[in-house]
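S.K.: Coordinates in start-v5.txt, compact mmCIF, C-alpha atoms and all ligand atoms, are listed below.
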# COMPACT_ATOMS: atom_id res chain seq x y z
CA MET A 1383 0.00 0.00 0.00
CA LEU A 1384 1.08 3.58 -0.71
CA ASN A 1385 3.05 5.26 2.09
CA ASN A 1386 2.79 2.74 4.91
CA PRO A 1387 4.86 3.77 7.92
CA SER A 1388 8.44 2.75 7.39
CA THR A 1389 9.49 -0.49 9.09
CA ASP A 1390 12.61 1.39 10.20
CA TRP A 1391 10.61 4.23 11.75
CA GLY A 1392 12.81 6.16 14.14
CA LEU A 1393 16.12 5.00 12.66
CA PRO A 1394 18.77 7.73 13.10
CA LEU A 1395 19.87 9.44 9.89
CA HIS A 1396 23.51 8.35 10.24
CA SER A 1397 22.48 4.66 10.49
CA TYR A 1398 20.21 5.05 7.49
CA LEU A 1399 22.98 6.69 5.42
CA LYS A 1400 25.35 3.90 6.42
CA SER A 1401 22.85 1.32 5.19
CA LEU A 1402 22.56 3.15 1.83
CA VAL A 1403 26.35 3.05 1.48
CA ASN A 1404 26.47 -0.64 2.43
CA LYS A 1405 23.82 -1.46 -0.18
CA GLY A 1406 25.81 0.49 -2.81
CA GLU A 1407 22.99 3.01 -3.35
CA ILE A 1408 25.24 6.00 -2.61
CA ASP A 1409 28.99 6.38 -2.24
CA SER A 1410 30.64 7.42 1.00
CA GLN A 1411 31.37 10.95 -0.25
CA LEU A 1412 27.71 11.56 -1.01
CA SER A 1413 26.80 10.11 2.36
CA SER A 1414 29.23 12.54 4.07
CA ILE A 1415 27.76 15.47 2.15
CA LEU A 1416 24.20 14.55 3.16
CA TRP A 1417 25.31 14.08 6.74
CA ALA A 1418 27.25 17.36 6.90
CA ILE A 1419 24.28 19.31 5.54
CA SER A 1420 21.99 17.66 8.09
CA VAL A 1421 24.25 18.63 10.98
CA ALA A 1422 24.57 22.21 9.70
CA SER A 1423 20.79 22.45 9.25
CA ILE A 1424 20.24 21.76 12.94
CA ASP A 1425 22.49 24.72 13.67
CA VAL A 1426 20.50 26.86 11.22
CA ALA A 1427 17.22 25.72 12.81
CA GLU A 1428 18.51 26.90 16.17
CA GLN A 1429 19.56 30.24 14.72
CA ILE A 1430 16.09 30.74 13.26
CA ALA A 1431 14.30 29.70 16.45
CA HIS A 1432 16.37 31.63 18.95
CA LYS A 1433 16.95 35.01 17.33
CA PRO A 1434 15.41 37.67 19.56
CA PHE A 1435 12.65 39.95 18.35
CA SER A 1436 13.72 43.45 17.47
CA LYS A 1437 11.78 46.63 18.27
CA ASN A 1438 9.63 46.56 15.16
CA LEU A 1439 8.59 42.91 15.56
CA ASN A 1440 10.72 42.22 12.57
CA THR A 1441 12.56 39.26 13.97
CA HIS A 1442 15.64 39.17 11.84
CA SER A 1443 15.90 42.54 10.15
CA ASP A 1444 17.35 44.69 12.89
CA GLN A 1445 20.57 45.09 10.93
CA PRO A 1446 20.86 46.91 7.61
CA GLN A 1447 19.59 44.92 4.67
CA THR A 1448 21.58 44.30 1.54
CA VAL A 1449 20.51 43.01 -1.83
CA ASN A 1450 21.82 39.79 -3.38
CA VAL A 1451 22.90 39.15 -6.96
CA SER A 1452 19.28 38.45 -8.03
CA GLY A 1453 18.04 41.71 -6.50
CA ASP A 1454 16.36 40.10 -3.46
CA ASP A 1455 16.62 41.68 -0.02
CA VAL A 1456 19.07 39.80 2.17
CA LEU A 1457 18.43 39.53 5.90
CA PRO A 1458 21.15 38.80 8.44
CA ILE A 1459 19.69 35.30 8.91
CA ASP A 1460 20.18 34.61 5.18
CA MET A 1461 23.86 35.42 5.58
CA ILE A 1462 24.19 33.44 8.81
CA ALA A 1463 22.69 30.35 7.17
CA ASN A 1464 24.82 30.87 4.08
CA GLN A 1465 27.91 31.04 6.25
CA ILE A 1466 27.01 27.91 8.22
CA PHE A 1467 26.39 25.81 5.12
CA THR A 1468 29.34 27.23 3.20
CA SER A 1469 31.85 26.65 5.95
CA THR A 1470 30.50 23.12 6.49
CA LEU A 1471 30.86 22.23 2.82
CA SER A 1472 33.98 24.05 1.75
CA ASP A 1473 36.52 21.60 3.19
CA LEU A 1474 34.48 18.49 2.71
CA GLU A 1475 35.99 15.72 0.61
CA GLY A 1476 34.01 15.20 -2.58
CA VAL A 1477 32.72 18.77 -2.84
CA GLY A 1478 34.35 20.43 -5.86
CA ALA A 1479 32.21 23.56 -6.05
CA ILE A 1480 29.67 25.41 -3.93
CA LEU A 1481 27.04 27.61 -5.57
CA SER A 1482 24.67 29.61 -3.39
CA GLU A 1483 21.77 31.98 -3.93
CA GLU A 1484 23.52 34.41 -1.62
CA ILE A 1485 26.89 34.56 -3.35
CA ASP A 1486 27.60 35.86 -6.81
CA PHE A 1487 30.80 33.86 -7.12
CA SER A 1488 31.37 30.16 -6.70
CA ILE A 1489 33.68 28.51 -4.22
CA PHE A 1490 35.94 25.89 -5.76
CA ASN A 1491 37.81 23.00 -4.32
CA PRO A 1492 39.14 21.33 -7.45
CA GLY A 1493 40.72 17.96 -6.88
CA ASP A 1494 40.78 14.60 -8.61
CA SER A 1495 38.27 13.08 -6.26
CA ASN A 1496 35.97 16.07 -5.77
CA HIS A 1497 33.16 15.29 -8.17
CA TYR A 1498 30.17 16.96 -6.60
CA TYR A 1499 28.73 20.43 -6.99
CA VAL A 1500 26.48 21.55 -4.15
CA ALA A 1501 24.04 24.32 -5.08
CA PHE A 1502 21.76 25.75 -2.44
CA ASP A 1503 19.30 28.35 -1.29
CA PRO A 1504 20.33 28.76 2.38
CA ILE A 1505 16.98 30.20 3.54
CA ASP A 1506 14.05 30.16 1.19
CA GLY A 1507 11.01 32.17 2.22
CA SER A 1508 12.88 34.80 4.23
CA LYS A 1509 10.21 37.33 3.14
CA VAL A 1510 7.77 35.60 5.51
CA LEU A 1511 10.22 34.53 8.19
CA ASP A 1512 9.41 37.57 10.30
CA LEU A 1513 5.87 36.21 10.66
CA ALA A 1514 7.07 32.89 12.09
CA THR A 1515 5.89 31.18 8.90
CA PRO A 1516 7.84 27.97 8.26
CA VAL A 1517 10.80 28.50 5.92
CA GLY A 1518 13.30 26.14 4.38
CA SER A 1519 16.64 25.41 2.77
CA ILE A 1520 17.00 23.68 -0.60
CA PHE A 1521 20.06 21.77 -1.90
CA GLY A 1522 20.91 20.17 -5.21
CA ILE A 1523 23.88 17.81 -5.27
CA TYR A 1524 25.13 17.40 -8.83
CA ARG A 1525 27.76 15.03 -10.16
CA SER A 1526 30.24 16.74 -12.41
CA LYS A 1527 30.88 15.01 -15.73
CA LEU A 1528 33.97 17.14 -16.37
CA PRO A 1529 36.81 18.00 -14.03
CA ILE A 1530 35.83 20.89 -11.78
CA VAL A 1531 37.95 23.91 -12.61
CA SER A 1532 38.90 26.75 -10.36
CA THR A 1533 37.50 29.95 -11.85
CA SER A 1534 33.95 31.08 -12.50
CA GLU A 1535 34.76 31.99 -16.10
CA ASN A 1536 35.32 28.42 -17.19
CA LEU A 1537 33.01 26.63 -14.78
CA PRO A 1538 31.21 23.85 -16.65
CA LEU A 1539 27.82 24.21 -14.97
CA PRO A 1540 26.02 21.01 -14.05
CA GLN A 1541 22.68 20.19 -15.69
CA GLY A 1542 19.40 18.97 -14.19
CA ARG A 1543 20.04 15.36 -15.18
CA ASP A 1544 23.40 15.49 -13.34
CA LEU A 1545 21.56 15.64 -10.01
CA VAL A 1546 22.32 12.66 -7.80
CA ALA A 1547 20.57 13.87 -4.66
CA SER A 1548 18.47 16.74 -3.46
CA ILE A 1549 17.39 17.93 -0.06
CA TYR A 1550 14.98 20.32 1.52
CA VAL A 1551 14.95 21.24 5.17
CA LEU A 1552 11.71 22.63 6.63
CA TYR A 1553 12.10 24.75 9.76
CA SER A 1554 8.83 24.66 11.67
CA MET A 1555 7.49 23.19 14.92
CA HIS A 1556 9.74 20.30 13.99
CA THR A 1557 12.63 20.46 11.61
CA TYR A 1558 12.25 18.08 8.70
CA PHE A 1559 15.23 16.86 6.71
CA VAL A 1560 13.88 15.44 3.47
CA PHE A 1561 15.97 14.02 0.66
CA SER A 1562 16.00 11.94 -2.46
CA ILE A 1563 18.68 9.90 -4.20
CA GLY A 1564 16.64 9.60 -7.41
CA ASN A 1565 16.01 6.46 -9.46
CA ASN A 1566 12.43 6.01 -8.33
CA ARG A 1567 13.58 5.30 -4.77
CA GLY A 1568 11.06 7.69 -3.24
CA ILE A 1569 11.39 10.60 -0.87
CA LYS A 1570 13.17 10.01 2.44
CA VAL A 1571 11.53 11.97 5.24
CA PHE A 1572 13.38 12.54 8.53
CA ALA A 1573 12.42 14.77 11.45
CA ASN A 1574 14.05 15.87 14.64
CA ASP A 1575 12.45 15.44 18.07
CA VAL A 1576 11.16 12.02 17.11
CA GLN A 1577 10.65 10.01 20.25
CA ASP A 1578 11.33 6.54 18.95
CA SER A 1579 12.44 4.98 22.20
CA ILE A 1580 9.09 3.20 22.63
CA LEU A 1581 9.14 1.52 19.23
CA HIS A 1582 12.89 1.12 18.96
CA PRO A 1583 14.49 1.01 22.42
CA GLU A 1584 17.70 -0.22 20.78
CA HIS A 1585 18.24 3.24 19.26
CA ASN A 1586 18.24 4.68 22.72
CA PRO A 1587 17.77 8.34 21.88
CA SER A 1588 17.41 10.84 24.66
CA LEU A 1589 13.98 12.49 24.62
CA GLY A 1590 13.98 15.66 22.58
CA ASP A 1591 17.14 14.44 20.89
CA ASN A 1592 17.81 16.96 18.20
CA SER A 1593 19.13 14.60 15.56
CA TYR A 1594 17.06 13.42 12.61
CA LYS A 1595 15.08 10.17 12.70
CA LEU A 1596 13.37 8.31 9.88
CA ILE A 1597 9.65 8.84 9.28
CA HIS A 1598 9.31 7.53 5.71
CA ALA A 1599 11.97 5.76 3.65
CA ASN A 1600 10.06 5.67 0.36
CA TRP A 1601 7.37 8.33 0.30
CA ARG A 1602 5.34 8.50 -2.95
CA ILE A 1603 3.32 11.51 -4.03
CA LYS A 1604 -0.39 10.89 -4.60
CA GLU A 1605 -1.56 10.61 -8.19
CA TYR A 1606 -4.25 13.22 -7.52
CA GLY A 1607 -4.00 15.99 -4.98
CA ASP A 1608 -6.66 18.46 -3.93
CA ILE A 1609 -4.44 21.46 -3.22
CA ILE A 1610 -3.59 24.22 -5.68
CA SER A 1611 -0.72 26.53 -4.67
CA VAL A 1612 -0.60 29.57 -6.96
CA ASN A 1613 -0.25 33.26 -6.16
CA GLU A 1614 -3.43 34.13 -8.04
CA SER A 1615 -3.08 37.83 -7.35
CA ASN A 1616 -0.39 37.77 -10.04
CA GLN A 1617 -3.03 37.06 -12.71
CA HIS A 1618 -2.69 40.49 -14.28
CA VAL A 1619 1.07 40.05 -14.71
CA TRP A 1620 1.15 36.46 -16.01
CA THR A 1621 2.56 36.44 -19.52
CA ASP A 1622 -0.16 34.11 -20.85
CA SER A 1623 -3.55 32.91 -19.67
CA SER A 1624 -2.82 29.20 -19.21
CA THR A 1625 -2.38 29.43 -15.42
CA GLN A 1626 -5.66 31.35 -15.21
CA ASP A 1627 -7.39 28.52 -17.16
CA PHE A 1628 -5.66 26.03 -14.87
CA CYS A 1629 -7.02 27.66 -11.69
CA GLN A 1630 -10.46 27.98 -13.28
CA PHE A 1631 -10.46 24.29 -14.29
CA PHE A 1632 -9.92 23.18 -10.69
CA ARG A 1633 -12.42 25.67 -9.29
CA SER A 1634 -15.16 23.80 -11.10
CA HIS A 1635 -13.70 20.29 -11.24
CA PRO A 1636 -16.40 17.69 -11.92
CA ASP A 1637 -15.08 15.05 -9.47
CA ARG A 1638 -13.26 16.70 -6.61
CA ARG A 1639 -13.27 19.85 -4.54
CA TYR A 1640 -9.93 21.60 -4.75
CA THR A 1641 -8.59 24.03 -2.18
CA SER A 1642 -6.13 26.93 -2.45
CA ARG A 1643 -3.03 27.11 -0.24
CA PHE A 1644 -0.13 29.53 -0.84
CA THR A 1645 2.12 30.57 2.03
CA GLY A 1646 4.78 32.59 0.16
CA SER A 1647 7.34 30.06 1.39
CA LEU A 1648 8.15 27.55 -1.34
CA VAL A 1649 9.46 24.79 0.93
CA ALA A 1650 6.40 25.00 3.18
CA ASP A 1651 4.06 24.80 0.16
CA PHE A 1652 6.11 22.05 -1.46
CA HIS A 1653 6.29 19.93 1.70
CA ARG A 1654 2.54 20.16 2.21
CA ASN A 1655 1.86 19.15 -1.38
CA VAL A 1656 4.33 16.26 -1.18
CA ILE A 1657 2.63 14.92 1.93
CA LYS A 1658 -1.01 15.64 1.04
CA GLY A 1659 -0.86 15.66 -2.77
CA GLY A 1660 -1.23 18.84 -4.76
CA VAL A 1661 0.37 21.18 -7.24
CA PHE A 1662 2.42 24.39 -7.06
CA ALA A 1663 2.79 26.77 -10.00
CA TYR A 1664 4.78 29.96 -10.46
CA PRO A 1665 4.55 30.89 -14.15
CA SER A 1666 6.38 33.63 -16.05
CA ILE A 1667 5.46 37.16 -15.06
CA LYS A 1668 5.84 40.34 -17.10
CA SER A 1669 8.75 41.65 -15.00
CA HIS A 1670 10.44 38.20 -15.17
CA PRO A 1671 9.40 36.51 -18.42
CA GLN A 1672 12.00 33.82 -17.74
CA GLY A 1673 10.14 32.89 -14.50
CA TRP A 1674 10.64 33.74 -10.86
CA LEU A 1675 12.10 30.72 -9.10
CA ARG A 1676 15.72 29.71 -9.53
CA LEU A 1677 16.56 26.61 -11.55
CA LEU A 1678 19.85 25.32 -10.10
CA TYR A 1679 19.03 25.51 -6.40
CA GLU A 1680 15.23 25.66 -6.21
CA ALA A 1681 13.31 24.19 -9.16
CA ALA A 1682 15.66 21.40 -10.30
CA PRO A 1683 16.31 19.89 -6.83
CA LEU A 1684 12.57 19.81 -6.08
CA ALA A 1685 11.82 18.41 -9.56
CA PHE A 1686 14.42 15.66 -9.02
CA MET A 1687 12.79 14.77 -5.72
CA LEU A 1688 9.32 14.56 -7.26
CA GLU A 1689 10.50 12.47 -10.20
CA SER A 1690 11.85 9.89 -7.75
CA ALA A 1691 8.44 9.61 -6.10
CA GLY A 1692 5.91 9.59 -8.94
CA GLY A 1693 5.48 13.37 -9.26
CA LEU A 1694 6.16 15.70 -12.18
CA ALA A 1695 7.76 19.11 -12.75
CA THR A 1696 7.45 21.19 -15.90
CA THR A 1697 7.86 24.66 -17.34
CA GLY A 1698 4.61 23.94 -19.24
CA ASP A 1699 6.31 22.39 -22.26
CA THR A 1700 9.64 21.05 -20.96
CA ASP A 1701 10.52 18.86 -17.99
CA ILE A 1702 12.36 21.03 -15.47
CA LEU A 1703 15.31 18.62 -15.41
CA ASP A 1704 15.74 19.05 -19.19
CA VAL A 1705 15.95 22.87 -19.15
CA PRO A 1706 19.56 23.76 -20.08
CA ILE A 1707 21.36 25.50 -17.21
CA SER A 1708 23.61 28.32 -18.39
CA ASP A 1709 23.68 30.60 -15.36
CA VAL A 1710 23.98 29.90 -11.64
CA HIS A 1711 21.07 32.22 -10.82
CA GLN A 1712 18.91 31.37 -13.84
CA ARG A 1713 15.15 31.52 -13.28
CA VAL A 1714 12.48 29.24 -14.67
CA PRO A 1715 8.67 29.09 -14.92
CA LEU A 1716 7.51 26.17 -12.83
CA CYS A 1717 4.61 23.83 -12.19
CA LEU A 1718 5.26 20.80 -9.99
CA GLY A 1719 3.42 18.27 -7.90
CA SER A 1720 1.01 15.36 -8.31
CA PRO A 1721 1.01 13.93 -11.84
CA TYR A 1722 -2.68 14.40 -12.65
CA GLU A 1723 -2.70 18.14 -11.95
CA VAL A 1724 0.68 18.74 -13.63
CA GLU A 1725 -0.57 16.93 -16.76
CA VAL A 1726 -3.59 19.26 -16.82
CA TYR A 1727 -1.20 22.23 -16.63
CA LYS A 1728 0.88 20.88 -19.53
CA LYS A 1729 -2.24 20.38 -21.64
CA LEU A 1730 -3.60 23.87 -21.01
CA PHE A 1731 -0.16 25.41 -21.56
CA GLY A 1732 0.19 23.48 -24.84
CA GLU A 1733 -3.14 24.82 -26.09
CA LYS A 1734 -1.77 28.39 -25.81
CA LEU A 1735 1.34 27.73 -27.88
O1 LIG A 1801 12.33 31.98 -3.42
C1 LIG A 1801 11.34 32.79 -3.78
C2 LIG A 1801 10.04 32.80 -2.97
O2 LIG A 1801 10.17 33.55 -1.80
C3 LIG A 1801 9.43 31.42 -2.64
O3 LIG A 1801 9.74 30.96 -1.36
C4 LIG A 1801 7.93 31.68 -2.76
O4 LIG A 1801 7.21 30.55 -3.18
C5 LIG A 1801 7.86 32.77 -3.78
O5 LIG A 1801 9.12 33.42 -3.85
C6 LIG A 1801 6.79 33.77 -3.41
O6 LIG A 1801 6.75 34.76 -4.35
P1 LIG A 1801 5.59 35.87 -4.32
O7 LIG A 1801 5.80 36.66 -3.08
O8 LIG A 1801 5.83 36.63 -5.58
O9 LIG A 1801 4.30 35.15 -4.34
MN MN A 1802 14.46 31.10 -2.50
Take the structure I supplied and represent it as structure tokens, if you would.
Ligand code: F6P
Ligand code: MN
M.R.:
Amino acid sequence: MLNNPSTDWGLPLHSYLKSLVNKGEIDSQLSSILWAISVASIDVAEQIAHKPFSKNLNTHSDQPQTVNVSGDDVLPIDMIANQIFTSTLSDLEGVGAILSEEIDFSIFNPGDSNHYYVAFDPIDGSKVLDLATPVGSIFGIYRSKLPIVSTSENLPLPQGRDLVASIYVLYSMHTYFVFSIGNNRGIKVFANDVQDSILHPEHNPSLGDNSYKLIHANWRIKEYGDIISVNESNQHVWTDSSTQDFCQFFRSHPDRRYTSRFTGSLVADFHRNVIKGGVFAYPSIKSHPQGWLRLLYEAAPLAFMLESAGGLATTGDTDILDVPISDVHQRVPLCLGSPYEVEVYKKLFGEKL
């Protein structure tokens, strides 16, 4: 049956990673990268949770804001998270290059055995962080087909199909560490604060133990969802009317009642749709005809995760993983989620071409 509780429920992440290495599903370098990011994410979760409020109830913006390479406001917490993840990854064996939303250069560690690029958005959803809305981090781990070189000018950028793993971390009442290693092996869902001592006394965790424990080893997305996540107030700036037709179609669906959910925090919306079934779309807008969300460290990692679990991700006419990547901060129009709803999007988009 779809999504039964995992027989290894409560297994610590490090034991699970070890078992993947033993079975030959990932190599030890990839396992170390996944592990290092998980440890750093617990640090980031603590930073997010324990920052004091400032005078204007604006939790994290009591220092001057800057603007990143894509023109987004950068809060101190964005830079703190960027620093935590960057310093964790920069000396790690296997990591040849680090590409981040918050840096306009790439960090290189060329070496014969450093085959992986790690691209990430350190905090996604920082616009709503001040409201205690859940936010996230997104990572794409790409295998380099060519030797990694040491300057940005001649960096051979990885492509969507070079992804070997992707991760999102959701910072909320619990912190979820969710990853995929592709190849139809499903989504691996871990959470902290899991009290597994009753079911698995042999793991012997202390209560409130902050490390990640297994919830689902092979989560599959539902074929149909009933949630539509679209910022419909953008209707007047969408570059074509297919998303409008899409929303209209589900408003009057003959078989099911659909509901609208859009938090302004991609990871929160994505996680909900992965667990409940549903679809998220952010089409091209007049100010950004190339789309809004970033391909290398937002859209492609999430698309990779969905593809491993029965979901789909498209621009409307091209699978997200097949969109050529030519710039680290490239944007892309995006629709992703349960296959039925994404297929409807593709059909309606196709009719407008
Ligand atoms: O990364 C960009 C982001 O903040 C996502 O987290 C979110 O889904 C989207 O932008 C929201 O954009 P808007 O405020 O335009 O709806
Ligand atoms: Mn983002």
S.K.: Name the residues, by chain letter and number, that sit within 9 Å of ligand MN 1802 (chain A) using only C-alpha atoms and all ligand atoms, and give them as a PyMOL selection string.
M.R.: chain A and resi 1483+1503-1508+1518-1520+1647-1649+1675-1676+1679-1680
S.K.: Could you check which of A:Asp1608, A:Asp1637, A:Asp1494, A:Asp1460 is closest to ligand LIG 1801 (chain A), using all atoms listed in the file?
M.R.: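 Closest candidate: A:Asp1460.
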S.K.: Up to 8 Å from (10.6, 15.4, 13.9) in the file's coordinates: name the residues, counting all atoms listed in the file, as a PyMOL selection string.
M.R.: chain A and resi 1556-1558+1572-1576+1594-1595
S.K.: Let me have the centre and edge lengths in Å, one decimal, of the box along x, y and z around every listed atom of ligand LIG 1801 (chain A) with 3 Å of margin on each side, as AutoDock Vina command-line options.
M.R.:
--center_x 8.3 --center_y 33.6 --center_z -3.5 --size_x 14.0 --size_y 12.1 --size_z 10.2
S.K.: Any idea what's packed within 7 Å of A:Ser1562, counting only C-alpha atoms, ignoring anything in its chain fewer than 5 positions away? Could you give it as a list in words?
M.R.: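 The contact residues come out as Ala1547, Ser1548, Ile1549, Gly1568, Ile1569, Lys1570 and Met1687 of chain A.
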S.K.: Suppose you want the space between atom C5 of ligand LIG 1801 (chain A) and atom CA of A:Cys1717; what is it in Å?
M.R.: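 Interatomic distance here is 12.7 Å.
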S.K.: For stretch 1721-1728 of chain A, list every protein, DNA or RNA residue within 7 Å, evaluated using only C-alpha atoms, and leave out those in the same chain fewer than 4 positions away; present the list as JSON, numbers by chain.
M.R.: {"A": [1605, 1606, 1628, 1661, 1693, 1694, 1698, 1699, 1717, 1732]}
S.K.: Can you pull out the residues contacting A:Ile1408? Cut-off 12 Å, using all atoms listed in the file, and skip same-chain residues under 2 positions away; I want them as a list in words.
M.R.: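 Close residues of A:Ile1408: Tyr1398, Leu1399, Lys1400, Ser1401, Leu1402, Val1403, Asn1404, Lys1405, Gly1406, Ser1410, Gln1411, Leu1412, Ser1413, Ser1414, Ile1415, Leu1416, Val1546, Ala1547, Ser1562, Ile1563, Gly1564, Asn1565 and Arg1567 of chain A.
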S.K.: In Å, how far is it from atom CA of A:Arg1713 to atom CA of A:Leu1471?
M.R.: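 Going from atom CA of A:Arg1713 over to atom CA of A:Leu1471 covers 24.3 Å.
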S.K.: Using atom CA of A:Gly1692 and atom CA of A:Tyr1550 as the two end points, give the distance in Å to one decimal.
M.R.: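 Value for the atom CA of A:Gly1692-atom CA of A:Tyr1550 distance: 17.5 Å.
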S.K.: Just add N, CA and C atoms to stretch 1689-1714 of chain A and send it as a compact mmCIF listing (two decimals), in the coordinates of the input.
M.R.:
# COMPACT_ATOMS: atom_id res chain seq x y z
N GLU A 1689 10.37 13.53 -9.18
CA GLU A 1689 10.50 12.47 -10.20
C GLU A 1689 10.85 11.13 -9.57
N SER A 1690 11.49 11.16 -8.39
CA SER A 1690 11.85 9.89 -7.75
C SER A 1690 10.67 9.31 -6.97
N ALA A 1691 9.55 10.04 -6.96
CA ALA A 1691 8.44 9.61 -6.10
C ALA A 1691 7.10 9.68 -6.83
N GLY A 1692 7.15 9.64 -8.15
CA GLY A 1692 5.91 9.59 -8.94
C GLY A 1692 5.34 10.94 -9.29
N GLY A 1693 5.99 12.04 -8.92
CA GLY A 1693 5.48 13.37 -9.26
C GLY A 1693 6.08 13.89 -10.55
N LEU A 1694 5.68 15.10 -10.94
CA LEU A 1694 6.16 15.70 -12.18
C LEU A 1694 6.51 17.16 -11.95
N ALA A 1695 7.39 17.68 -12.82
CA ALA A 1695 7.76 19.11 -12.75
C ALA A 1695 8.02 19.60 -14.16
N THR A 1696 7.38 20.70 -14.53
CA THR A 1696 7.45 21.19 -15.90
C THR A 1696 7.50 22.71 -15.96
N THR A 1697 8.00 23.22 -17.09
CA THR A 1697 7.86 24.66 -17.34
C THR A 1697 6.48 24.92 -17.98
N GLY A 1698 5.83 23.87 -18.43
CA GLY A 1698 4.61 23.94 -19.24
C GLY A 1698 4.84 23.08 -20.47
N ASP A 1699 6.03 23.22 -21.08
CA ASP A 1699 6.31 22.39 -22.26
C ASP A 1699 7.61 21.60 -22.16
N THR A 1700 8.37 21.78 -21.09
CA THR A 1700 9.64 21.05 -20.96
C THR A 1700 9.78 20.57 -19.52
N ASP A 1701 10.26 19.33 -19.35
CA ASP A 1701 10.52 18.86 -17.99
C ASP A 1701 11.59 19.75 -17.38
N ILE A 1702 11.40 20.13 -16.12
CA ILE A 1702 12.36 21.03 -15.47
C ILE A 1702 13.79 20.49 -15.56
N LEU A 1703 13.94 19.17 -15.42
CA LEU A 1703 15.31 18.62 -15.41
C LEU A 1703 15.96 18.66 -16.80
N ASP A 1704 15.18 18.96 -17.83
CA ASP A 1704 15.74 19.05 -19.19
C ASP A 1704 15.98 20.50 -19.62
N VAL A 1705 15.70 21.47 -18.77
CA VAL A 1705 15.95 22.87 -19.15
C VAL A 1705 17.46 23.11 -19.05
N PRO A 1706 18.11 23.54 -20.15
CA PRO A 1706 19.56 23.76 -20.08
C PRO A 1706 19.91 24.83 -19.05
N ILE A 1707 20.92 24.55 -18.24
CA ILE A 1707 21.36 25.50 -17.21
C ILE A 1707 22.59 26.24 -17.72
N SER A 1708 22.46 27.56 -17.87
CA SER A 1708 23.61 28.32 -18.39
C SER A 1708 24.06 29.40 -17.42
N ASP A 1709 23.31 29.57 -16.34
CA ASP A 1709 23.68 30.60 -15.36
C ASP A 1709 23.33 30.10 -13.96
N VAL A 1710 24.20 30.39 -13.01
CA VAL A 1710 23.98 29.90 -11.64
C VAL A 1710 22.63 30.39 -11.10
N HIS A 1711 22.29 31.63 -11.41
CA HIS A 1711 21.07 32.22 -10.82
C HIS A 1711 19.90 32.27 -11.81
N GLN A 1712 19.97 31.42 -12.82
CA GLN A 1712 18.91 31.37 -13.84
C GLN A 1712 17.54 31.08 -13.23
N ARG A 1713 16.52 31.75 -13.76
CA ARG A 1713 15.15 31.52 -13.28
C ARG A 1713 14.40 30.65 -14.28
N VAL A 1714 13.24 30.14 -13.80
CA VAL A 1714 12.48 29.24 -14.67
C VAL A 1714 11.00 29.28 -14.28
